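Peer 1: File work23.pdb follows (PDB, C-alpha atoms and all ligand atoms):
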ATOM      1  CA  MET Q  25      -6.466 -48.331   5.720
ATOM      2  CA  TYR Q  26      -7.695 -44.719   5.602
ATOM      3  CA  ARG Q  27      -6.650 -44.537   2.011
ATOM      4  CA  GLN Q  28      -8.708 -47.668   1.157
ATOM      5  CA  ILE Q  29     -11.824 -46.238   2.887
ATOM      6  CA  GLU Q  30     -11.270 -43.005   1.036
ATOM      7  CA  ILE Q  31     -11.099 -44.844  -2.329
ATOM      8  CA  VAL Q  32     -14.263 -46.864  -1.591
ATOM      9  CA  GLY Q  33     -16.026 -43.610  -0.580
ATOM     10  CA  MET Q  34     -14.937 -41.945  -3.796
ATOM     11  CA  ARG Q  35     -16.221 -44.891  -5.859
ATOM     12  CA  LYS Q  36     -19.562 -44.731  -4.053
ATOM     13  CA  ASN Q  37     -19.766 -40.988  -4.701
ATOM     14  CA  ARG Q  38     -18.969 -41.577  -8.358
ATOM     15  CA  ASP Q  39     -21.710 -44.249  -8.669
ATOM     16  CA  VAL Q  40     -24.258 -41.934  -7.046
ATOM     17  CA  LYS Q  41     -23.237 -39.157  -9.438
ATOM     18  CA  ILE Q  42     -23.693 -41.462 -12.448
ATOM     19  CA  VAL Q  43     -27.132 -42.557 -11.255
ATOM     20  CA  ILE Q  44     -28.219 -38.923 -10.656
ATOM     21  CA  THR Q  45     -26.934 -37.924 -14.112
ATOM     22  CA  ILE Q  46     -28.931 -40.768 -15.723
ATOM     23  CA  ILE Q  47     -32.105 -39.774 -13.833
ATOM     24  CA  ILE Q  48     -31.726 -36.062 -14.779
ATOM     25  CA  THR Q  49     -31.086 -36.977 -18.436
ATOM     26  CA  ALA Q  50     -34.183 -39.211 -18.474
ATOM     27  CA  ILE Q  51     -36.353 -36.449 -16.923
ATOM     28  CA  LEU Q  52     -35.028 -33.886 -19.440
ATOM     29  CA  ALA Q  53     -35.752 -36.284 -22.326
ATOM     30  CA  ILE Q  54     -39.357 -36.755 -21.111
ATOM     31  CA  ILE Q  55     -39.835 -32.969 -20.762
ATOM     32  CA  VAL Q  56     -38.521 -32.391 -24.310
ATOM     33  CA  CYS Q  57     -40.826 -35.106 -25.741
ATOM     34  CA  VAL Q  58     -43.907 -33.736 -23.967
ATOM     35  CA  GLY Q  59     -42.927 -30.235 -25.117
ATOM     36  CA  ILE Q  60     -42.703 -31.332 -28.769
ATOM     37  CA  ILE Q  61     -46.090 -33.078 -28.586
ATOM     38  CA  LEU Q  62     -47.789 -30.020 -27.016
ATOM     39  CA  TYR Q  63     -46.152 -27.634 -29.527
ATOM     40  CA  ASN Q  64     -47.372 -29.675 -32.512
ATOM     41  CA  LYS Q  65     -50.859 -29.856 -31.058
ATOM     42  CA  SER Q  66     -51.080 -26.086 -30.556
ATOM     43  CA  LYS Q  67     -49.596 -25.432 -34.007
ATOM     44  CA  LEU Q  68     -52.290 -27.584 -35.611
ATOM     45  CA  ALA Q  69     -54.979 -25.847 -33.580
ATOM     46  CA  SER Q  70     -53.749 -22.419 -34.637
ATOM     47  CA  GLN Q  71     -53.648 -23.489 -38.306
ATOM     48  CA  VAL Q  72     -57.254 -24.621 -38.138
ATOM     49  CA  ALA Q  73     -58.203 -21.437 -36.288
ATOM     50  CA  SER Q  74     -56.587 -19.225 -38.914
ATOM     51  CA  ALA Q  75     -58.295 -21.191 -41.696
ATOM     52  CA  ASN Q  76     -61.607 -20.544 -39.979
ATOM     53  CA  ILE Q  77     -60.867 -16.835 -39.691
ATOM     54  CA  VAL Q  78     -60.200 -16.712 -43.433
ATOM     55  CA  GLU Q  79     -63.451 -18.580 -44.040
ATOM     56  CA  GLU Q  80     -65.395 -16.060 -41.981
ATOM     57  CA  GLN Q  81     -63.725 -13.138 -43.680
ATOM     58  CA  MET Q  82     -64.381 -14.505 -47.123
ATOM     59  CA  ALA Q  83     -67.949 -15.469 -46.368
ATOM     60  CA  GLY Q  84     -68.974 -12.039 -45.146
ATOM     61  CA  ASN Q  85     -72.404 -12.708 -43.713
ATOM     62  CA  SER Q  86     -71.750 -16.435 -43.444
ATOM     63  CA  GLU Q  87     -74.658 -17.294 -41.146
ATOM     64  CA  ASN Q  88     -77.164 -15.914 -43.587
ATOM     65  CA  VAL Q  89     -75.568 -17.739 -46.492
ATOM     66  CA  GLU Q  90     -75.407 -20.965 -44.543
ATOM     67  CA  SER Q  91     -79.068 -21.007 -43.533
ATOM     68  CA  THR Q  92     -80.269 -20.146 -47.022
ATOM     69  CA  GLY Q  93     -78.008 -22.871 -48.389
ATOM     70  CA  ASN Q  94     -79.492 -25.534 -46.140
ATOM     71  CA  ASP Q  95     -83.088 -24.532 -46.865
ATOM     72  CA  GLU Q  96     -82.561 -24.786 -50.565
ATOM     73  CA  LYS Q  97     -80.467 -27.910 -50.549
ATOM     74  CA  SER Q  98     -83.279 -30.349 -49.753
ATOM     75  CA  LYS Q  99     -85.583 -28.802 -52.332
ATOM     76  CA  THR Q 100     -83.217 -28.791 -55.280
ATOM     77  CA  THR Q 101     -81.047 -31.880 -54.954
ATOM     78  CA  ALA Q 102     -82.800 -33.627 -57.854
ATOM     79  CA  GLY Q 103     -82.525 -30.532 -60.070
ATOM     80  CA  GLU Q 104     -78.847 -30.188 -59.289
ATOM     81  CA  LYS Q 105     -78.199 -33.771 -60.344
ATOM     82  CA  GLU Q 106     -80.041 -33.290 -63.619
ATOM     83  CA  SER Q 107     -78.171 -30.108 -64.447
ATOM     84  CA  THR Q 108     -74.826 -31.745 -63.575
ATOM     85  CA  GLU Q 109     -75.615 -34.618 -65.907
ATOM     86  CA  ALA Q 110     -76.706 -32.244 -68.679
ATOM     87  CA  GLN Q 111     -73.499 -30.252 -68.323
ATOM     88  CA  GLN Q 112     -71.391 -33.412 -68.363
ATOM     89  CA  SER Q 113     -73.124 -34.831 -71.426
ATOM     90  CA  GLN Q 114     -72.569 -31.579 -73.349
ATOM     91  CA  LYS Q 115     -68.832 -31.557 -72.512
ATOM     92  CA  PRO Q 116     -68.303 -28.013 -73.766
ATOM     93  CA  ASP Q 117     -65.032 -27.550 -75.552
ATOM     94  CA  ASN Q 118     -63.598 -24.579 -73.738
ATOM     95  CA  LYS Q 119     -59.953 -25.482 -74.006
ATOM     96  CA  GLU Q 120     -59.003 -22.119 -75.483
ATOM     97  CA  PHE Q 121     -60.833 -20.196 -72.796
ATOM     98  CA  ILE Q 122     -59.365 -22.340 -70.001
ATOM     99  CA  SER Q 123     -55.903 -21.847 -71.431
ATOM    100  CA  ALA Q 124     -56.459 -18.058 -71.731
ATOM    101  CA  VAL Q 125     -57.485 -17.903 -68.063
ATOM    102  CA  GLU Q 126     -54.518 -20.050 -67.035
ATOM    103  CA  ASN Q 127     -52.235 -17.623 -68.884
ATOM    104  CA  ILE Q 128     -53.788 -14.459 -67.519
ATOM    105  CA  TYR Q 129     -50.506 -13.473 -65.828
ATOM    106  CA  ASN Q 130     -48.457 -13.929 -69.002
ATOM    107  CA  GLY Q 131     -50.101 -11.210 -71.110
ATOM    108  CA  GLU Q 132     -47.629  -9.047 -73.004
ATOM    109  CA  GLU Q 133     -49.868  -6.142 -73.990
ATOM    110  CA  GLY Q 134     -48.649  -3.766 -71.292
ATOM    111  CA  LYS Q 135     -49.851  -3.461 -67.726
ATOM    112  CA  ARG Q 136     -53.287  -4.998 -67.135
ATOM    113  CA  ALA Q 137     -55.390  -4.937 -63.966
ATOM    114  CA  PHE Q 138     -58.426  -7.177 -63.581
ATOM    115  CA  LEU Q 139     -60.673  -5.851 -60.817
ATOM    116  CA  THR Q 140     -62.704  -8.673 -59.276
ATOM    117  CA  PHE Q 141     -65.460  -8.502 -56.666
ATOM    118  CA  ASP Q 142     -66.568 -11.563 -54.682
ATOM    119  CA  ASP Q 143     -69.529 -12.588 -52.505
ATOM    120  CA  GLY Q 144     -72.222 -10.339 -54.021
ATOM    121  CA  PRO Q 145     -74.492  -9.030 -55.328
ATOM    122  CA  THR Q 146     -75.820  -7.076 -52.359
ATOM    123  CA  GLU Q 147     -78.035  -4.006 -52.306
ATOM    124  CA  GLU Q 148     -75.865  -2.406 -49.607
ATOM    125  CA  VAL Q 149     -72.594  -2.380 -51.547
ATOM    126  CA  THR Q 150     -72.826  -3.515 -55.191
ATOM    127  CA  PRO Q 151     -74.776  -0.514 -56.643
ATOM    128  CA  HIS Q 152     -72.166   1.897 -55.200
ATOM    129  CA  ILE Q 153     -69.393  -0.113 -56.852
ATOM    130  CA  LEU Q 154     -71.292  -0.137 -60.154
ATOM    131  CA  ASP Q 155     -71.735   3.662 -59.999
ATOM    132  CA  ILE Q 156     -67.987   4.159 -59.550
ATOM    133  CA  LEU Q 157     -67.082   1.693 -62.316
ATOM    134  CA  ASP Q 158     -69.525   3.562 -64.621
ATOM    135  CA  LYS Q 159     -67.937   6.886 -63.731
ATOM    136  CA  TYR Q 160     -64.497   5.637 -64.773
ATOM    137  CA  ASN Q 161     -65.831   3.463 -67.616
ATOM    138  CA  ILE Q 162     -64.142   0.382 -66.184
ATOM    139  CA  LYS Q 163     -65.353  -3.163 -66.841
ATOM    140  CA  ALA Q 164     -64.805  -5.541 -63.925
ATOM    141  CA  THR Q 165     -65.517  -9.180 -63.078
ATOM    142  CA  PHE Q 166     -68.027 -10.213 -60.421
ATOM    143  CA  PHE Q 167     -67.716 -13.643 -58.794
ATOM    144  CA  VAL Q 168     -71.269 -14.001 -57.549
ATOM    145  CA  LEU Q 169     -72.819 -16.340 -54.990
ATOM    146  CA  GLY Q 170     -75.967 -18.276 -55.914
ATOM    147  CA  THR Q 171     -77.631 -17.323 -52.628
ATOM    148  CA  ARG Q 172     -77.062 -13.618 -53.212
ATOM    149  CA  VAL Q 173     -78.132 -13.670 -56.881
ATOM    150  CA  LYS Q 174     -81.452 -15.147 -55.744
ATOM    151  CA  GLN Q 175     -81.904 -12.226 -53.369
ATOM    152  CA  ASN Q 176     -80.783  -9.545 -55.847
ATOM    153  CA  PRO Q 177     -81.458 -10.630 -59.441
ATOM    154  CA  ASP Q 178     -81.914  -7.026 -60.623
ATOM    155  CA  ILE Q 179     -78.461  -6.036 -59.442
ATOM    156  CA  LEU Q 180     -76.964  -8.999 -61.279
ATOM    157  CA  LYS Q 181     -78.787  -7.867 -64.406
ATOM    158  CA  ARG Q 182     -77.363  -4.387 -63.998
ATOM    159  CA  GLU Q 183     -73.822  -5.822 -63.708
ATOM    160  CA  PHE Q 184     -74.342  -7.878 -66.858
ATOM    161  CA  GLU Q 185     -75.908  -5.097 -68.921
ATOM    162  CA  ALA Q 186     -73.117  -2.684 -67.974
ATOM    163  CA  GLY Q 187     -70.628  -5.077 -69.615
ATOM    164  CA  HIS Q 188     -69.080  -6.572 -66.499
ATOM    165  CA  TYR Q 189     -68.232 -10.254 -66.559
ATOM    166  CA  ILE Q 190     -70.423 -12.447 -64.379
ATOM    167  CA  ALA Q 191     -68.441 -15.357 -62.945
ATOM    168  CA  ASN Q 192     -69.316 -18.054 -60.434
ATOM    169  CA  HIS Q 193     -68.289 -18.257 -56.755
ATOM    170  CA  GLY Q 194     -70.519 -21.236 -55.867
ATOM    171  CA  TYR Q 195     -73.777 -21.314 -53.995
ATOM    172  CA  SER Q 196     -73.259 -21.603 -50.237
ATOM    173  CA  HIS Q 197     -69.761 -20.220 -49.513
ATOM    174  CA  LYS Q 198     -69.816 -22.650 -46.617
ATOM    175  CA  TYR Q 199     -66.561 -24.616 -46.709
ATOM    176  CA  SER Q 200     -67.968 -27.716 -45.013
ATOM    177  CA  ALA Q 201     -70.748 -27.899 -47.649
ATOM    178  CA  ILE Q 202     -68.922 -26.991 -50.866
ATOM    179  CA  TYR Q 203     -65.772 -28.953 -50.004
ATOM    180  CA  LYS Q 204     -67.661 -32.073 -48.917
ATOM    181  CA  SER Q 205     -66.599 -33.607 -52.243
ATOM    182  CA  ALA Q 206     -65.475 -32.641 -55.748
ATOM    183  CA  ASP Q 207     -69.043 -33.386 -56.909
ATOM    184  CA  ALA Q 208     -70.371 -30.900 -54.354
ATOM    185  CA  VAL Q 209     -68.122 -28.207 -55.872
ATOM    186  CA  LEU Q 210     -69.453 -28.945 -59.363
ATOM    187  CA  GLU Q 211     -73.033 -29.067 -58.079
ATOM    188  CA  GLU Q 212     -72.669 -25.640 -56.436
ATOM    189  CA  TYR Q 213     -71.173 -24.325 -59.660
ATOM    190  CA  ASN Q 214     -74.024 -25.717 -61.789
ATOM    191  CA  LYS Q 215     -76.708 -24.572 -59.392
ATOM    192  CA  THR Q 216     -75.322 -21.029 -59.406
ATOM    193  CA  GLU Q 217     -75.049 -20.981 -63.209
ATOM    194  CA  LYS Q 218     -78.738 -21.851 -63.361
ATOM    195  CA  ILE Q 219     -79.659 -19.080 -60.916
ATOM    196  CA  ILE Q 220     -77.592 -16.599 -62.965
ATOM    197  CA  GLN Q 221     -79.461 -17.648 -66.122
ATOM    198  CA  GLU Q 222     -82.819 -17.177 -64.382
ATOM    199  CA  ALA Q 223     -81.794 -13.739 -63.073
ATOM    200  CA  LEU Q 224     -80.808 -12.719 -66.611
ATOM    201  CA  GLY Q 225     -84.285 -13.646 -67.815
ATOM    202  CA  GLY Q 226     -83.802 -17.225 -68.941
ATOM    203  CA  THR Q 227     -80.766 -16.828 -71.196
ATOM    204  CA  ASN Q 228     -78.264 -19.587 -71.868
ATOM    205  CA  TYR Q 229     -75.408 -17.516 -70.453
ATOM    206  CA  THR Q 230     -72.578 -19.622 -69.067
ATOM    207  CA  SER Q 231     -69.670 -18.090 -67.207
ATOM    208  CA  ASN Q 232     -67.376 -21.134 -67.457
ATOM    209  CA  LEU Q 233     -65.365 -19.471 -64.731
ATOM    210  CA  PHE Q 234     -65.265 -20.428 -61.077
ATOM    211  CA  ARG Q 235     -63.493 -18.970 -58.072
ATOM    212  CA  PHE Q 236     -62.983 -21.367 -55.164
ATOM    213  CA  PRO Q 237     -64.126 -19.819 -51.852
ATOM    214  CA  GLY Q 238     -60.901 -19.305 -49.918
ATOM    215  CA  GLY Q 239     -58.739 -20.031 -52.989
ATOM    216  CA  SER Q 240     -58.193 -23.012 -55.272
ATOM    217  CA  HIS Q 241     -55.173 -24.481 -53.491
ATOM    218  CA  GLY Q 242     -54.134 -25.453 -49.999
ATOM    219  CA  GLY Q 243     -55.746 -25.516 -46.598
ATOM    220  CA  PRO Q 244     -57.527 -28.420 -44.935
ATOM    221  CA  TYR Q 245     -59.597 -29.166 -48.085
ATOM    222  CA  GLU Q 246     -56.702 -29.421 -50.553
ATOM    223  CA  LYS Q 247     -57.451 -33.069 -51.418
ATOM    224  CA  ILE Q 248     -61.047 -32.259 -52.436
ATOM    225  CA  LYS Q 249     -59.949 -29.038 -54.145
ATOM    226  CA  LYS Q 250     -57.428 -30.977 -56.240
ATOM    227  CA  GLU Q 251     -60.137 -33.376 -57.445
ATOM    228  CA  ALA Q 252     -62.502 -30.455 -58.034
ATOM    229  CA  ARG Q 253     -59.934 -28.570 -60.136
ATOM    230  CA  GLN Q 254     -59.694 -31.600 -62.403
ATOM    231  CA  LYS Q 255     -63.466 -32.102 -62.484
ATOM    232  CA  LEU Q 256     -64.151 -28.477 -63.398
ATOM    233  CA  LYS Q 257     -61.616 -28.644 -66.205
ATOM    234  CA  GLU Q 258     -63.223 -31.828 -67.557
ATOM    235  CA  ASN Q 259     -66.504 -29.920 -67.632
ATOM    236  CA  GLY Q 260     -65.070 -26.969 -69.525
ATOM    237  CA  VAL Q 261     -64.866 -24.679 -66.492
ATOM    238  CA  ALA Q 262     -61.800 -22.537 -65.780
ATOM    239  CA  TYR Q 263     -60.937 -21.327 -62.300
ATOM    240  CA  LEU Q 264     -59.184 -18.165 -61.236
ATOM    241  CA  ASP Q 265     -57.689 -16.956 -57.946
ATOM    242  CA  TRP Q 266     -56.077 -13.546 -57.489
ATOM    243  CA  SER Q 267     -52.567 -12.120 -57.339
ATOM    244  CA  ALA Q 268     -53.197  -8.930 -55.364
ATOM    245  CA  LEU Q 269     -55.658  -7.824 -52.722
ATOM    246  CA  THR Q 270     -56.629  -4.866 -50.562
ATOM    247  CA  TYR Q 271     -57.648  -6.949 -47.533
ATOM    248  CA  ASP Q 272     -61.055  -5.275 -47.628
ATOM    249  CA  ALA Q 273     -62.525  -8.497 -46.166
ATOM    250  CA  GLY Q 274     -60.450  -8.164 -43.025
ATOM    251  CA  GLY Q 275     -57.209  -6.549 -41.959
ATOM    252  CA  ALA Q 276     -57.780  -3.100 -43.471
ATOM    253  CA  ASP Q 277     -59.859  -0.434 -41.735
ATOM    254  CA  THR Q 278     -58.655   2.751 -43.412
ATOM    255  CA  LYS Q 279     -58.055   4.102 -46.896
ATOM    256  CA  GLU Q 280     -54.299   4.189 -46.199
ATOM    257  CA  GLU Q 281     -54.254   0.511 -45.225
ATOM    258  CA  ILE Q 282     -56.224  -0.466 -48.336
ATOM    259  CA  ILE Q 283     -53.789   1.356 -50.640
ATOM    260  CA  ASN Q 284     -50.728   0.088 -48.747
ATOM    261  CA  ASN Q 285     -51.963  -3.511 -48.984
ATOM    262  CA  LEU Q 286     -52.567  -3.054 -52.688
ATOM    263  CA  LYS Q 287     -49.083  -1.557 -53.233
ATOM    264  CA  LYS Q 288     -47.438  -4.451 -51.379
ATOM    265  CA  THR Q 289     -49.363  -7.218 -53.146
ATOM    266  CA  LEU Q 290     -49.076  -5.781 -56.679
ATOM    267  CA  ASN Q 291     -45.555  -7.124 -56.406
ATOM    268  CA  GLY Q 292     -44.345  -5.220 -59.466
ATOM    269  CA  TRP Q 293     -46.278  -7.501 -61.811
ATOM    270  CA  ASP Q 294     -47.574  -6.271 -65.170
ATOM    271  CA  ASN Q 295     -50.669  -8.516 -65.098
ATOM    272  CA  VAL Q 296     -52.623  -8.461 -61.850
ATOM    273  CA  VAL Q 297     -55.930  -9.900 -60.678
ATOM    274  CA  ILE Q 298     -57.153  -7.879 -57.710
ATOM    275  CA  LEU Q 299     -59.474  -9.368 -55.088
ATOM    276  CA  MET Q 300     -62.135  -7.166 -53.475
ATOM    277  CA  HIS Q 301     -65.575  -7.901 -52.039
ATOM    278  CA  ASP Q 302     -69.127  -6.612 -52.457
ATOM    279  CA  ALA Q 303     -70.659  -8.485 -49.511
ATOM    280  CA  ALA Q 304     -73.224  -6.459 -47.533
ATOM    281  CA  ASP Q 305     -70.819  -5.319 -44.812
ATOM    282  CA  LYS Q 306     -67.985  -4.240 -47.121
ATOM    283  CA  LYS Q 307     -68.712  -0.512 -47.138
ATOM    284  CA  ILE Q 308     -64.943   0.078 -47.121
ATOM    285  CA  THR Q 309     -64.691  -1.455 -50.607
ATOM    286  CA  TYR Q 310     -66.722   1.251 -52.349
ATOM    287  CA  GLU Q 311     -65.457   3.988 -50.037
ATOM    288  CA  THR Q 312     -61.890   3.288 -51.195
ATOM    289  CA  LEU Q 313     -62.543   2.104 -54.765
ATOM    290  CA  GLU Q 314     -61.839   5.484 -56.412
ATOM    291  CA  ASP Q 315     -58.476   5.634 -54.631
ATOM    292  CA  VAL Q 316     -57.688   2.083 -55.738
ATOM    293  CA  ILE Q 317     -58.568   2.983 -59.355
ATOM    294  CA  LYS Q 318     -56.549   6.223 -59.296
ATOM    295  CA  TYR Q 319     -53.528   4.459 -57.802
ATOM    296  CA  LEU Q 320     -53.620   1.743 -60.480
ATOM    297  CA  GLN Q 321     -53.998   4.384 -63.217
ATOM    298  CA  GLU Q 322     -50.968   6.249 -61.874
ATOM    299  CA  GLN Q 323     -49.011   2.999 -62.047
ATOM    300  CA  GLY Q 324     -49.928   2.685 -65.732
ATOM    301  CA  TYR Q 325     -52.419  -0.190 -65.547
ATOM    302  CA  ALA Q 326     -55.251  -0.549 -68.072
ATOM    303  CA  PHE Q 327     -58.432  -2.143 -66.717
ATOM    304  CA  LYS Q 328     -59.583  -5.396 -68.278
ATOM    305  CA  ASN Q 329     -62.177  -8.027 -67.582
ATOM    306  CA  ILE Q 330     -62.644 -11.643 -68.563
ATOM    307  CA  TYR Q 331     -64.336 -10.727 -71.879
ATOM    308  CA  ASP Q 332     -60.923  -9.407 -72.955
ATOM    309  CA  LEU Q 333     -59.576 -12.970 -72.742
ATOM    310  CA  LYS Q 334     -62.198 -14.402 -75.067
TER     311      LYS Q 334
HETATM  312 ZN    ZN Q 401     -65.737 -15.400 -51.173
END
Once more with this new file: its structure as structure tokens, please.
Peer 2:
Amino acid sequence: MYRQIEIVGMRKNRDVKIVITIIITAILAIIVCVGIILYNKSKLASQVASANIVEEQMAGNSENVESTGNDEKSKTTAGEKESTEAQQSQKPDNKEFISAVENIYNGEEGKRAFLTFDDGPTEEVTPHILDILDKYNIKATFFVLGTRVKQNPDILKREFEAGHYIANHGYSHKYSAIYKSADAVLEEYNKTEKIIQEALGGTNYTSNLFRFPGGSHGGPYEKIKKEARQKLKENGVAYLDWSALTYDAGGADTKEEIINNLKKTLNGWDNVVILMHDAADKKITYETLEDVIKYLQEQGYAFKNIYDLK
């Protein structure tokens, strides 16, 4: 009798244990699921946040650029369309140039460094950079913004006359505007080409070279960028990113950091395209430029610009 009661009691205990185990397992499963959902959400948020930080860094004085961009947009939409159509109907045959730019890292003529400066011209920074480049007799490449060329046409002229290569970095540098569509990218390119021509006194200069703000690949606008890469190519325009950088647009506050970043990103390559900035607040760029030049010279690099590819 006692034994039977004992057995029934044990069975009951066992059933209760099974039920508790099931409940605990279910609760744990819910916690894990909620955890995964929250983690993915925060990961996405941090990716977007970091993309925005890059945008701000690259834009320099982004507010100024943005407001100028909007003011001009309404006035010149018709002109932009016309110039896009003109460019498309001409269909310049720049296959050789595009291929030379695409093969910039495959040169076999010894070590080559292409110094490039983005987001200018500005009166605060660009003339100092030009003075230093003159001193060392180095020809560089400037990826200029349409908004800034309008403000500083004389500085652009000085860059051009000194033998530097003028290339195109778009008009607004505002990601939400330029990456609205592939057509918007081409329109910003064409608009900036026109402003460059005006600043040079009405020449028919064409750079045929674009640098995507924030880089040509990846990020939240990759789909548009992919279409734009194709569209630019169809219109005879090459695009170029960079292989090394000093982090002068953010992340480097001292000369030592600038040189260390350069050392790390040179990556032992013989052909390097180095990203720097001449936006108005990039005093550090000209303050450290002589050290950058001397370091590259010590490493055996010769300085080239895009004219050397033509
Ligand atoms: Zn930029």
Peer 1: Counting all atoms listed in the file, figure out which residue out of Q:Glu258, Q:Asp142, Q:Glu183, Q:Asp178 gets nearest to ligand ZN 401 (chain Q).
Peer 2: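 Selected residue with least distance to ligand ZN 401 (chain Q): Q:Asp142.
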Peer 1: Which residues, written as a ChimeraX atom specification, have at least one atom at most 6 Å from region 323-330 of chain Q, with all atoms listed in the file counted and residues fewer than 2 positions away on the same chain left out?
Peer 2: /Q:135-138,163-165,320-321,332-333
Peer 1: Give me, please, the distance in Å between CA of Ala208 (chain Q) and CA of Ile248 (chain Q), quoted to one decimal.
Peer 2: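 We find that CA of Ala208 (chain Q) and CA of Ile248 (chain Q) lie 9.6 Å from each other.
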Peer 1: Nearest to Arg235 (chain Q): which of Q:Thr312, Q:Asn192, Q:Gln254, Q:Thr216 is it, counting all atoms listed in the file?
Peer 2: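 Between Q:Thr312, Q:Asn192, Q:Gln254, Q:Thr216, the residue approaching Arg235 (chain Q) most closely is Q:Asn192.
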Peer 1: Please provide the set of residues having any atom within 12 Å of region 124-127 of chain Q, restricted to only C-alpha atoms, with same-chain residues fewer than 5 positions apart removed, written as a list in words.
Peer 2: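 The filter keeps Asn118, Lys119, Glu132, Phe138, Asn232, Leu233, Phe234, Arg235, Lys257, Gly260, Val261, Ala262, Tyr263, Leu264, Asp265, Trp266, Asn295, Val296, Val297, Asn329, Ile330, Tyr331, Asp332, Leu333 and Lys334 of chain Q.
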Peer 1: Tell me, in Å to one decimal, how far CA of Glu211 (chain Q) is from CA of Gly187 (chain Q).
Peer 2: 26.7 Å
Peer 1: Please indicate the distance in Å from atom ZN of ligand ZN 401 (chain Q) to CA of Thr146 (chain Q), rounded to one decimal place.
Peer 2: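 Spanning atom ZN of ligand ZN 401 (chain Q) to CA of Thr146 (chain Q) is a straight-line distance of 13.1 Å.
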Peer 1: Choose the residue, out of Q:Ile179, Q:Ile220, Q:Val149, Q:Leu299, that has the smallest atom-to-atom separation from ligand ZN 401 (chain Q); count only C-alpha atoms and all ligand atoms.
Peer 2: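 Result for the nearest residue to ligand ZN 401 (chain Q): Q:Leu299.
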Peer 1: Just the residues within 8 Å of Tyr310 (chain Q), please, counting only C-alpha atoms, with nothing from its chain fewer than 2 positions along; format it as an MDAnalysis selection string.
Peer 2: chainID Q and resid 149 152:153 156 306:308 312:314
Peer 1: From the set Q:Asn214, Q:Ser240, Q:Thr230, Q:Asn259, which residue has the shortest atom-to-atom contact distance to ligand ZN 401 (chain Q), counting only C-alpha atoms and all ligand atoms?
Peer 2: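 With only C-alpha atoms and all ligand atoms as the atom set, the closest residue is Q:Ser240.
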Peer 1: For a quick check of understanding, using all atoms listed in the file, which of Q:Glu212, Q:Asp272, Q:Gly194, Q:Ala223 has the smallest distance to Phe236 (chain Q)?
Peer 2: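 Among Q:Glu212, Q:Asp272, Q:Gly194, Q:Ala223, it is Q:Gly194 that comes nearest to Phe236 (chain Q).
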Peer 1: Starting from the incomplete input, reconstruct N, CA and C atoms of region 318-329 of chain Q and write that as a CSV table (one decimal), in the coordinates of the input.
Peer 2:
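Final file, part_3.csv:
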chain,number,residue,atom,x,y,z
Q,318,LYS,N,-57.5,5.1,-59.0
Q,318,LYS,CA,-56.5,6.2,-59.3
Q,318,LYS,C,-55.1,5.7,-59.1
Q,319,TYR,N,-54.9,5.0,-58.0
Q,319,TYR,CA,-53.5,4.5,-57.8
Q,319,TYR,C,-53.1,3.6,-59.0
Q,320,LEU,N,-54.0,2.7,-59.4
Q,320,LEU,CA,-53.6,1.7,-60.5
Q,320,LEU,C,-53.4,2.5,-61.8
Q,321,GLN,N,-54.2,3.6,-62.0
Q,321,GLN,CA,-54.0,4.4,-63.2
Q,321,GLN,C,-52.6,5.1,-63.2
Q,322,GLU,N,-52.3,5.6,-62.0
Q,322,GLU,CA,-51.0,6.2,-61.9
Q,322,GLU,C,-49.8,5.3,-62.2
Q,323,GLN,N,-50.0,4.0,-61.8
Q,323,GLN,CA,-49.0,3.0,-62.0
Q,323,GLN,C,-49.0,2.5,-63.5
Q,324,GLY,N,-49.9,3.0,-64.3
Q,324,GLY,CA,-49.9,2.7,-65.7
Q,324,GLY,C,-50.7,1.5,-66.1
Q,325,TYR,N,-51.6,1.0,-65.2
Q,325,TYR,CA,-52.4,-0.2,-65.5
Q,325,TYR,C,-53.6,0.2,-66.4
Q,326,ALA,N,-54.0,-0.7,-67.4
Q,326,ALA,CA,-55.3,-0.5,-68.1
Q,326,ALA,C,-56.2,-1.6,-67.5
Q,327,PHE,N,-57.5,-1.2,-67.4
Q,327,PHE,CA,-58.4,-2.1,-66.7
Q,327,PHE,C,-59.1,-3.1,-67.7
Q,328,LYS,N,-59.0,-4.4,-67.4
Q,328,LYS,CA,-59.6,-5.4,-68.3
Q,328,LYS,C,-60.5,-6.3,-67.5
Q,329,ASN,N,-61.4,-7.0,-68.2
Q,329,ASN,CA,-62.2,-8.0,-67.6
Q,329,ASN,C,-62.1,-9.3,-68.4
